[in-house]
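Novice: Here you go, protein-v9.tsv (TSV, C-alpha atoms and all ligand atoms):
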chain	number	residue	atom	x	y	z
A	24	MET	CA	-18.41	36.41	16.93
A	25	PRO	CA	-18.57	32.59	17.48
A	26	SER	CA	-15.76	30.61	15.92
A	27	LEU	CA	-16.44	27.94	13.29
A	28	ILE	CA	-15.70	25.19	15.86
A	29	HIS	CA	-18.33	26.65	18.19
A	30	LYS	CA	-20.86	26.81	15.36
A	31	LEU	CA	-20.23	23.15	14.40
A	32	SER	CA	-20.45	22.00	18.04
A	33	ALA	CA	-23.74	23.82	18.46
A	34	LEU	CA	-25.07	22.29	15.24
A	35	ALA	CA	-24.08	18.76	16.35
A	36	LEU	CA	-25.77	19.27	19.74
A	37	CYS	CA	-28.87	20.63	18.04
A	38	CYS	CA	-29.08	17.62	15.65
A	39	ALA	CA	-28.61	15.10	18.50
A	40	THR	CA	-31.30	16.79	20.56
A	41	LEU	CA	-33.65	16.95	17.57
A	42	SER	CA	-33.19	13.26	16.64
A	43	ALA	CA	-33.82	12.22	20.27
A	44	TRP	CA	-36.92	14.37	20.40
A	45	LEU	CA	-38.23	12.95	17.09
A	46	GLY	CA	-37.55	9.38	18.29
A	47	TYR	CA	-34.95	8.57	15.61
A	48	PRO	CA	-32.19	6.16	16.61
A	49	ALA	CA	-28.87	7.86	17.26
A	50	PRO	CA	-26.60	7.52	14.21
A	51	ALA	CA	-24.16	4.62	14.63
A	52	MET	CA	-21.00	3.60	12.73
A	53	ALA	CA	-21.95	0.70	10.43
A	54	SER	CA	-19.71	-2.34	10.58
A	55	ALA	CA	-18.88	-4.22	7.40
A	56	PRO	CA	-17.36	-7.65	6.94
A	57	LEU	CA	-13.81	-7.67	5.60
A	58	ALA	CA	-13.97	-7.57	1.80
A	59	LYS	CA	-11.47	-10.29	0.99
A	60	VAL	CA	-10.57	-8.96	-2.43
A	61	ARG	CA	-6.99	-9.39	-3.63
A	62	ASN	CA	-4.79	-6.43	-4.45
A	63	PRO	CA	-4.18	-5.91	-8.16
A	64	GLY	CA	-1.21	-8.01	-9.30
A	65	PHE	CA	0.08	-5.65	-11.95
A	66	TYR	CA	1.59	-2.18	-11.94
A	67	LYS	CA	2.13	0.01	-14.99
A	68	MET	CA	4.53	2.87	-15.50
A	69	MET	CA	6.08	4.70	-18.41
A	70	LEU	CA	9.80	4.82	-19.09
A	71	GLY	CA	10.09	7.39	-21.85
A	72	LYS	CA	7.94	5.94	-24.62
A	73	PHE	CA	8.08	2.40	-23.25
A	74	GLU	CA	5.31	1.05	-21.08
A	75	VAL	CA	6.63	-1.18	-18.29
A	76	THR	CA	4.27	-3.49	-16.41
A	77	ALA	CA	5.32	-5.36	-13.30
A	78	LEU	CA	3.45	-8.68	-13.14
A	79	LEU	CA	3.18	-10.43	-9.80
A	80	ASP	CA	3.66	-14.17	-10.20
A	81	GLU	CA	3.70	-15.19	-6.57
A	82	ASN	CA	3.61	-13.69	-3.13
A	83	SER	CA	3.69	-15.71	0.04
A	84	PRO	CA	4.95	-15.46	3.57
A	85	TRP	CA	8.34	-17.01	4.07
A	86	PRO	CA	8.68	-17.92	7.73
A	87	GLY	CA	12.21	-17.54	9.03
A	88	GLN	CA	13.24	-15.98	5.74
A	89	LEU	CA	16.24	-14.16	7.13
A	90	GLU	CA	17.78	-17.33	8.53
A	91	GLU	CA	17.06	-19.34	5.38
A	92	LEU	CA	18.21	-16.74	2.89
A	93	PHE	CA	21.35	-15.60	4.63
A	94	PRO	CA	22.63	-18.49	6.72
A	95	LYS	CA	26.15	-17.03	6.77
A	96	MET	CA	25.11	-13.81	8.50
A	97	SER	CA	26.23	-13.59	12.11
A	98	ALA	CA	23.68	-13.20	14.90
A	99	GLU	CA	24.95	-9.64	15.49
A	100	GLU	CA	24.52	-8.74	11.80
A	101	LYS	CA	21.01	-10.17	11.78
A	102	ALA	CA	20.02	-8.25	14.90
A	103	SER	CA	21.52	-5.03	13.59
A	104	VAL	CA	20.02	-5.25	10.09
A	105	ARG	CA	16.63	-6.04	11.58
A	106	SER	CA	16.69	-3.08	13.92
A	107	ARG	CA	17.81	-0.69	11.15
A	108	THR	CA	15.45	-1.87	8.41
A	109	HIS	CA	12.39	-3.05	10.38
A	110	LEU	CA	12.77	-6.41	8.66
A	111	SER	CA	10.65	-9.09	10.27
A	112	ALA	CA	11.89	-12.66	10.50
A	113	ASN	CA	8.76	-13.66	8.56
A	114	VAL	CA	8.34	-11.42	5.53
A	115	ASP	CA	6.30	-11.74	2.38
A	116	PHE	CA	8.35	-12.75	-0.63
A	117	SER	CA	7.34	-11.72	-4.14
A	118	THR	CA	8.27	-13.14	-7.52
A	119	ILE	CA	7.84	-10.62	-10.32
A	120	ALA	CA	8.12	-10.74	-14.11
A	121	PHE	CA	8.24	-7.55	-16.17
A	122	LEU	CA	6.46	-6.80	-19.42
A	123	VAL	CA	7.85	-4.07	-21.68
A	124	ASN	CA	5.87	-2.65	-24.57
A	125	THR	CA	8.31	-0.72	-26.75
A	126	GLY	CA	5.59	0.25	-29.22
A	127	SER	CA	6.89	-2.26	-31.76
A	128	LYS	CA	7.66	-5.26	-29.54
A	129	LEU	CA	6.03	-6.82	-26.51
A	130	ILE	CA	8.77	-8.26	-24.32
A	131	LEU	CA	8.52	-10.38	-21.21
A	132	ILE	CA	11.47	-10.47	-18.83
A	133	ASP	CA	11.27	-13.83	-17.03
A	134	ALA	CA	8.17	-16.00	-17.03
A	135	GLY	CA	7.46	-16.79	-13.38
A	136	GLY	CA	7.36	-20.20	-11.76
A	137	GLY	CA	4.52	-21.82	-13.71
A	138	ARG	CA	1.36	-23.33	-12.35
A	139	VAL	CA	2.76	-24.83	-9.14
A	140	GLU	CA	1.97	-23.90	-5.54
A	141	ASN	CA	1.24	-20.14	-5.39
A	142	TYR	CA	3.06	-19.41	-8.65
A	143	GLY	CA	1.56	-18.90	-12.10
A	144	GLN	CA	-0.29	-15.69	-11.32
A	145	ILE	CA	1.35	-13.81	-14.21
A	146	PHE	CA	-1.17	-15.27	-16.64
A	147	ALA	CA	-4.17	-13.69	-14.92
A	148	ASN	CA	-2.21	-10.53	-14.18
A	149	LEU	CA	-1.05	-10.23	-17.79
A	150	GLN	CA	-4.66	-10.31	-18.94
A	151	ALA	CA	-5.77	-7.92	-16.20
A	152	ALA	CA	-3.08	-5.56	-17.50
A	153	GLY	CA	-4.66	-5.69	-20.98
A	154	TYR	CA	-2.51	-8.24	-22.84
A	155	LEU	CA	-2.69	-11.84	-24.02
A	156	PRO	CA	0.13	-14.40	-23.95
A	157	GLU	CA	-0.13	-14.69	-27.76
A	158	GLN	CA	0.94	-11.06	-28.09
A	159	VAL	CA	4.34	-11.57	-26.44
A	160	ASP	CA	7.10	-11.40	-29.09
A	161	ASP	CA	10.14	-12.24	-26.98
A	162	VAL	CA	10.85	-13.66	-23.54
A	163	PHE	CA	14.24	-12.70	-22.14
A	164	ILE	CA	15.39	-14.94	-19.32
A	165	THR	CA	17.64	-13.56	-16.55
A	166	HIS	CA	18.50	-17.12	-15.52
A	167	MET	CA	16.92	-20.56	-15.53
A	168	HIS	CA	16.00	-21.13	-11.91
A	169	PRO	CA	12.50	-22.65	-11.92
A	170	ASP	CA	10.83	-19.51	-10.49
A	171	HIS	CA	11.90	-17.63	-13.64
A	172	ILE	CA	11.22	-20.14	-16.41
A	173	GLY	CA	8.47	-22.39	-15.01
A	174	GLY	CA	5.79	-20.31	-16.73
A	175	LEU	CA	7.22	-20.83	-20.21
A	176	SER	CA	5.38	-24.06	-20.97
A	177	ASP	CA	3.12	-26.76	-19.57
A	178	ALA	CA	3.47	-30.37	-20.73
A	179	SER	CA	5.14	-29.41	-24.05
A	180	ARG	CA	2.63	-26.63	-24.73
A	181	ARG	CA	4.21	-23.21	-25.14
A	182	ASN	CA	2.37	-20.67	-22.98
A	183	PHE	CA	3.71	-17.86	-25.18
A	184	PRO	CA	3.16	-19.50	-28.56
A	185	ASN	CA	4.47	-16.65	-30.70
A	186	ALA	CA	7.45	-15.72	-28.56
A	187	THR	CA	11.13	-16.46	-29.01
A	188	VAL	CA	12.93	-17.26	-25.75
A	189	HIS	CA	16.40	-15.73	-25.27
A	190	ALA	CA	19.06	-16.63	-22.71
A	191	ASP	CA	22.82	-16.37	-22.35
A	192	GLN	CA	24.56	-19.39	-23.91
A	193	ARG	CA	26.21	-20.20	-20.55
A	194	GLU	CA	22.91	-20.79	-18.79
A	195	MET	CA	21.49	-24.00	-20.26
A	196	PRO	CA	24.54	-26.35	-20.09
A	197	GLN	CA	24.47	-26.64	-16.28
A	198	TYR	CA	20.91	-27.96	-16.46
A	199	GLN	CA	21.71	-30.29	-19.35
A	200	ALA	CA	24.50	-31.73	-17.20
A	201	MET	CA	22.14	-32.05	-14.23
A	202	ALA	CA	19.42	-33.68	-16.37
A	203	ALA	CA	21.98	-36.17	-17.72
A	204	LYS	CA	22.44	-37.29	-14.11
A	205	ASN	CA	18.66	-37.55	-13.76
A	206	ASN	CA	18.50	-34.53	-11.46
A	207	ALA	CA	14.85	-33.41	-11.07
A	208	THR	CA	15.56	-29.65	-11.37
A	209	GLY	CA	17.67	-30.23	-14.49
A	210	ARG	CA	14.89	-32.26	-16.07
A	211	THR	CA	12.26	-29.65	-15.16
A	212	VAL	CA	14.26	-26.81	-16.70
A	213	LEU	CA	14.86	-28.74	-19.92
A	214	ALA	CA	11.18	-29.69	-20.12
A	215	LYS	CA	10.21	-26.01	-19.89
A	216	ILE	CA	12.65	-24.85	-22.61
A	217	THR	CA	12.49	-27.81	-25.03
A	218	PRO	CA	9.12	-26.88	-26.63
A	219	TYR	CA	10.71	-23.59	-27.76
A	220	ILE	CA	13.83	-25.35	-29.06
A	221	ASP	CA	11.64	-27.79	-31.01
A	222	ALA	CA	9.68	-24.90	-32.52
A	223	GLY	CA	12.87	-23.05	-33.53
A	224	LYS	CA	12.05	-20.36	-30.99
A	225	TYR	CA	14.99	-20.55	-28.62
A	226	GLN	CA	18.02	-18.32	-29.17
A	227	THR	CA	21.15	-17.90	-27.11
A	228	PHE	CA	23.44	-14.90	-26.93
A	229	ASN	CA	27.00	-14.43	-25.74
A	230	GLY	CA	27.39	-11.87	-22.94
A	231	ASP	CA	26.56	-8.19	-23.48
A	232	THR	CA	24.26	-8.03	-26.49
A	233	THR	CA	22.06	-5.37	-28.08
A	234	PHE	CA	18.87	-6.93	-29.42
A	235	TYR	CA	17.21	-3.84	-30.83
A	236	PRO	CA	17.30	-0.13	-30.06
A	237	GLY	CA	16.56	0.37	-26.39
A	238	LEU	CA	17.10	-3.22	-25.25
A	239	ARG	CA	20.34	-4.97	-24.34
A	240	SER	CA	21.62	-7.66	-22.01
A	241	ILE	CA	24.41	-7.12	-19.49
A	242	ALA	CA	26.39	-10.14	-18.33
A	243	SER	CA	26.02	-10.48	-14.55
A	244	TYR	CA	27.39	-13.95	-13.91
A	245	GLY	CA	27.57	-15.16	-10.32
A	246	HIS	CA	24.07	-16.11	-9.17
A	247	SER	CA	24.13	-18.55	-12.08
A	248	ASP	CA	26.54	-19.31	-14.93
A	249	GLY	CA	24.72	-17.12	-17.44
A	250	HIS	CA	22.78	-14.69	-15.24
A	251	SER	CA	21.93	-11.58	-17.27
A	252	PHE	CA	20.53	-8.15	-16.58
A	253	TYR	CA	18.38	-6.50	-19.22
A	254	ALA	CA	18.59	-2.75	-19.71
A	255	ILE	CA	15.94	-0.71	-21.49
A	256	GLU	CA	16.32	2.92	-22.51
A	257	SER	CA	13.84	5.36	-24.00
A	258	ASP	CA	13.93	9.15	-24.25
A	259	GLY	CA	17.04	9.32	-22.07
A	260	GLN	CA	15.51	7.23	-19.26
A	261	LYS	CA	17.00	3.93	-18.23
A	262	MET	CA	15.82	0.91	-16.27
A	263	VAL	CA	17.78	-2.25	-15.52
A	264	PHE	CA	16.11	-5.55	-14.63
A	265	TRP	CA	18.24	-7.34	-12.09
A	266	GLY	CA	16.73	-10.83	-11.88
A	267	ASP	CA	18.06	-12.46	-8.69
A	268	PHE	CA	21.01	-10.10	-8.21
A	269	VAL	CA	19.19	-8.96	-5.06
A	270	VAL	CA	16.67	-11.28	-3.41
A	271	ASN	CA	16.11	-9.20	-0.28
A	272	GLU	CA	16.65	-5.48	-0.64
A	273	LYS	CA	16.68	-4.72	3.08
A	274	VAL	CA	19.51	-7.11	3.87
A	275	GLN	CA	21.57	-6.77	0.70
A	276	PHE	CA	21.51	-2.98	0.40
A	277	ASP	CA	22.27	-2.64	4.10
A	278	LEU	CA	25.03	-5.27	3.99
A	279	PRO	CA	26.15	-5.38	0.32
A	280	ASP	CA	28.57	-8.28	0.87
A	281	SER	CA	25.94	-10.61	2.34
A	282	ILE	CA	25.56	-13.79	0.31
A	283	PRO	CA	22.08	-14.75	-0.93
A	284	PRO	CA	21.11	-18.40	-1.40
A	285	GLY	CA	21.79	-20.47	-4.48
A	286	GLU	CA	24.85	-18.56	-5.73
A	287	ARG	CA	26.95	-20.51	-8.25
A	288	ASP	CA	29.90	-18.18	-7.66
A	289	ALA	CA	29.41	-16.23	-4.42
A	290	GLN	CA	32.69	-14.31	-4.76
A	291	ALA	CA	31.85	-13.13	-8.29
A	292	GLY	CA	28.47	-12.00	-6.93
A	293	ILE	CA	30.10	-9.93	-4.17
A	294	VAL	CA	32.53	-8.24	-6.60
A	295	LEU	CA	29.69	-7.46	-9.00
A	296	ARG	CA	27.44	-6.02	-6.28
A	297	ARG	CA	30.18	-3.68	-5.05
A	298	LYS	CA	30.53	-2.36	-8.61
A	299	VAL	CA	26.88	-2.29	-9.70
A	300	PHE	CA	25.33	-0.89	-6.50
A	301	GLY	CA	27.69	2.12	-6.65
A	302	GLU	CA	27.02	2.60	-10.35
A	303	ALA	CA	23.23	2.42	-9.89
A	304	ALA	CA	23.33	4.97	-7.06
A	305	ARG	CA	25.60	7.33	-9.02
A	306	HIS	CA	23.58	7.23	-12.23
A	307	GLY	CA	20.19	7.07	-10.54
A	308	TYR	CA	18.60	4.74	-13.06
A	309	LEU	CA	15.56	2.66	-12.18
A	310	ILE	CA	15.93	-0.94	-11.06
A	311	GLY	CA	13.42	-3.75	-11.51
A	312	GLY	CA	13.98	-6.61	-9.08
A	313	ALA	CA	12.42	-10.05	-9.44
A	314	HIS	CA	12.11	-10.57	-5.68
A	315	MET	CA	11.87	-7.07	-4.28
A	316	PRO	CA	8.60	-5.98	-2.70
A	317	PHE	CA	6.00	-5.71	-5.47
A	318	PRO	CA	6.14	-3.92	-7.89
A	319	GLY	CA	9.89	-4.16	-7.33
A	320	VAL	CA	10.73	-0.82	-8.91
A	321	GLY	CA	12.96	1.89	-7.45
A	322	ARG	CA	16.38	3.47	-7.27
A	323	LEU	CA	19.42	3.18	-5.03
A	324	ARG	CA	20.71	5.83	-2.69
A	325	SER	CA	24.24	5.52	-1.37
A	326	LEU	CA	25.01	5.95	2.31
A	327	GLY	CA	28.73	5.34	1.80
A	328	SER	CA	29.33	1.67	2.54
A	329	SER	CA	25.66	0.74	2.41
A	330	TYR	CA	22.64	1.64	0.30
A	331	VAL	CA	18.94	2.36	0.67
A	332	PHE	CA	16.24	1.33	-1.80
A	333	VAL	CA	14.09	4.30	-2.81
A	334	ALA	CA	10.83	2.91	-4.14
A	335	GLN	CA	9.26	4.44	-7.25
A	336	ASP	CA	6.38	6.78	-6.42
A	337	TYR	CA	2.98	5.30	-7.17
A	338	ALA	CA	1.19	6.72	-10.22
A	339	ALA	CA	-2.12	5.64	-11.73
A	340	LEU	CA	-0.85	6.41	-15.22
A	341	PRO	CA	-1.00	5.44	-18.01
A	342	ASN	CA	-4.54	4.08	-17.78
A	343	ARG	CA	-6.24	7.24	-16.65
A	344	SER	CA	-9.09	7.67	-19.12
B	401	ZN	ZN	14.47	-16.15	-8.30
Spell out the structure here as structure tokens.

Specialist:
Amino acid sequence: MPSLIHKLSALALCCATLSAWLGYPAPAMASAPLAKVRNPGFYKMMLGKFEVTALLDENSPWPGQLEELFPKMSAEEKASVRSRTHLSANVDFSTIAFLVNTGSKLILIDAGGGRVENYGQIFANLQAAGYLPEQVDDVFITHMHPDHIGGLSDASRRNFPNATVHADQREMPQYQAMAAKNNATGRTVLAKITPYIDAGKYQTFNGDTTFYPGLRSIASYGHSDGHSFYAIESDGQKMVFWGDFVVNEKVQFDLPDSIPPGERDAQAGIVLRRKVFGEAARHGYLIGGAHMPFPGVGRLRSLGSSYVFVAQDYAALPNRS
């Protein structure tokens, strides 16, 4: 009895012979121009009853990123981390804000860099994800570097007109001091926050603070004076938003003591990473990173003295209808 393969081969031969005999052109593979359509810039997932949406604000190649981000790494460390992690010297760098819908509050964690260069994409991505800026109740700021607060306002106009902005009380003074010396970054940061202060919609907190059930801040000073994590919990599941605690997951999980750029207190950052990386791997909670590869969501696995980022599995939920 002929096998299935033999039957299919015979059928193919028969069809080819028939089309030649009938004068039809032989079937050819059609070529199509590249469809230059962007990837979606949002990603939704459920954490218990909370809906979490990662919003891409910016993604661009960063030539020579490894050298720029970690200038203190030795040549041997760079070579070894690159061979272990397949990290290219020129990798794409994402900036991500996270939207959390608790069912009673719509919360934004960081606001992206604003409408400069490639930044400012969270506005389109927020709408593509089914929300409007007017619906945001609270914006929680991990820290006030421009790529995290630039999206708050444009020329005195609040981009989230109904939202209250929250930040640790230690964060703003460094920029006030810089602005007093006419420093451009200091002035930019103040210009972004001031419209909320003027509207009575800026609130500070002091270290670890619970805002409402399922949302709290965790002091994580080091990258900046008032750098804060935000932890959300629902139905026994937990996710912690890390801001700039890790700016490159391949390097920093492989070499946890490596020093990222722009640290206010590099030693405090190292001590905190040794503690928090171990804790995250032990407890297995989800992490949301502002500069990890989009959507920046995953867990940590310990390898002893180093760690591996285990990305969250993709799921099309919750919008399957
Ligand atoms: Zn950043």

Novice: Applying 9 Å and only C-alpha atoms, which residues near Val162 in chain A remain after dropping the ones on its own chain fewer than 6 positions away? List them as a VMD selection string.

Specialist: chain A and resid 129 to 134 175 183 186 to 190

Novice: By how many Å are CA of His306 in chain A and CA of Asp267 in chain A apart?

Specialist: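 Rounded to one decimal, the two atoms are 20.8 Å apart.
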
Novice: Return as a list in words every polymer residue, whether protein, DNA or RNA, with at least one atom no more than 9 Å from an atom of ligand ZN 401 (chain B); count only C-alpha atoms and all ligand atoms.

Specialist: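 Based on only C-alpha atoms and all ligand atoms, ligand ZN 401 (chain B) is surrounded within 9 Å by Thr118, Ile119, Gly135, Gly136, His166, Met167, His168, Pro169, Asp170, His171, Gly266, Asp267, Phe268, Val270, Ala313 and His314 of chain A.
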
Novice: Grab the residues selected above and save them as a PDB file, in the frame of the given file with C-alpha atoms.

Specialist:
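Result file follows (selection-v9.pdb):
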ATOM      1  CA  THR A 118       8.270 -13.140  -7.520  1.00  0.00           C
ATOM      2  CA  ILE A 119       7.840 -10.620 -10.320  1.00  0.00           C
ATOM      3  CA  GLY A 135       7.460 -16.790 -13.380  1.00  0.00           C
ATOM      4  CA  GLY A 136       7.360 -20.200 -11.760  1.00  0.00           C
ATOM      5  CA  HIS A 166      18.500 -17.120 -15.520  1.00  0.00           C
ATOM      6  CA  MET A 167      16.920 -20.560 -15.530  1.00  0.00           C
ATOM      7  CA  HIS A 168      16.000 -21.130 -11.910  1.00  0.00           C
ATOM      8  CA  PRO A 169      12.500 -22.650 -11.920  1.00  0.00           C
ATOM      9  CA  ASP A 170      10.830 -19.510 -10.490  1.00  0.00           C
ATOM     10  CA  HIS A 171      11.900 -17.630 -13.640  1.00  0.00           C
ATOM     11  CA  GLY A 266      16.730 -10.830 -11.880  1.00  0.00           C
ATOM     12  CA  ASP A 267      18.060 -12.460  -8.690  1.00  0.00           C
ATOM     13  CA  PHE A 268      21.010 -10.100  -8.210  1.00  0.00           C
ATOM     14  CA  VAL A 270      16.670 -11.280  -3.410  1.00  0.00           C
ATOM     15  CA  ALA A 313      12.420 -10.050  -9.440  1.00  0.00           C
ATOM     16  CA  HIS A 314      12.110 -10.570  -5.680  1.00  0.00           C
TER      17      HIS A 314
END

Novice: Could you work out how far CA of Ala304 in chain A lies from CA of Thr108 in chain A, giving the answer in Å with one decimal?

Specialist: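 Taking CA of Thr108 in chain A as the start and CA of Ala304 in chain A as the end point, the length is 18.7 Å.
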
Novice: Need to verify the contact set: Gln260 in chain A, 9 Å, all atoms listed in the file, exclusion of same-chain residues closer than 5 positions in sequence. Can you return it as an mmCIF file with C-alpha atoms, in the coordinates of the input?

Specialist:
data_model
loop_
_atom_site.group_PDB
_atom_site.id
_atom_site.type_symbol
_atom_site.label_atom_id
_atom_site.label_comp_id
_atom_site.auth_asym_id
_atom_site.auth_seq_id
_atom_site.Cartn_x
_atom_site.Cartn_y
_atom_site.Cartn_z
ATOM 1 C CA LEU A 70 9.800 4.820 -19.090
ATOM 2 C CA GLY A 71 10.090 7.390 -21.850
ATOM 3 C CA ILE A 255 15.940 -0.710 -21.490
ATOM 4 C CA TYR A 308 18.600 4.740 -13.060
ATOM 5 C CA LEU A 309 15.560 2.660 -12.180
#

Novice: From the set A:Phe264, A:Ala147, A:Pro283, A:Gln192, which residue has the shortest atom-to-atom contact distance to Phe93 in chain A, counting all atoms listed in the file?

Specialist: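 With all atoms listed in the file as the atom set, the closest residue is A:Pro283.
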
Novice: Could you check which of A:Met262, A:Ala338, A:Ala202, A:Leu295 is closest to Tyr244 in chain A, using only C-alpha atoms?

Specialist: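 Closest candidate: A:Leu295.
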
Novice: Calculated over all atoms listed in the file, which of the candidates A:Phe332, A:Tyr253, A:Phe317, A:Tyr337 has the smallest distance to Leu79 in chain A?

Specialist: A:Phe317

Novice: Give the answer as one residue: which of A:Ala214, A:Val274, A:Ile282, A:Ala339 has the shortest atom-to-atom distance to Leu110 in chain A, using all atoms listed in the file?

Specialist: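 Checking each candidate against Leu110 in chain A, we get A:Val274 as the closest.
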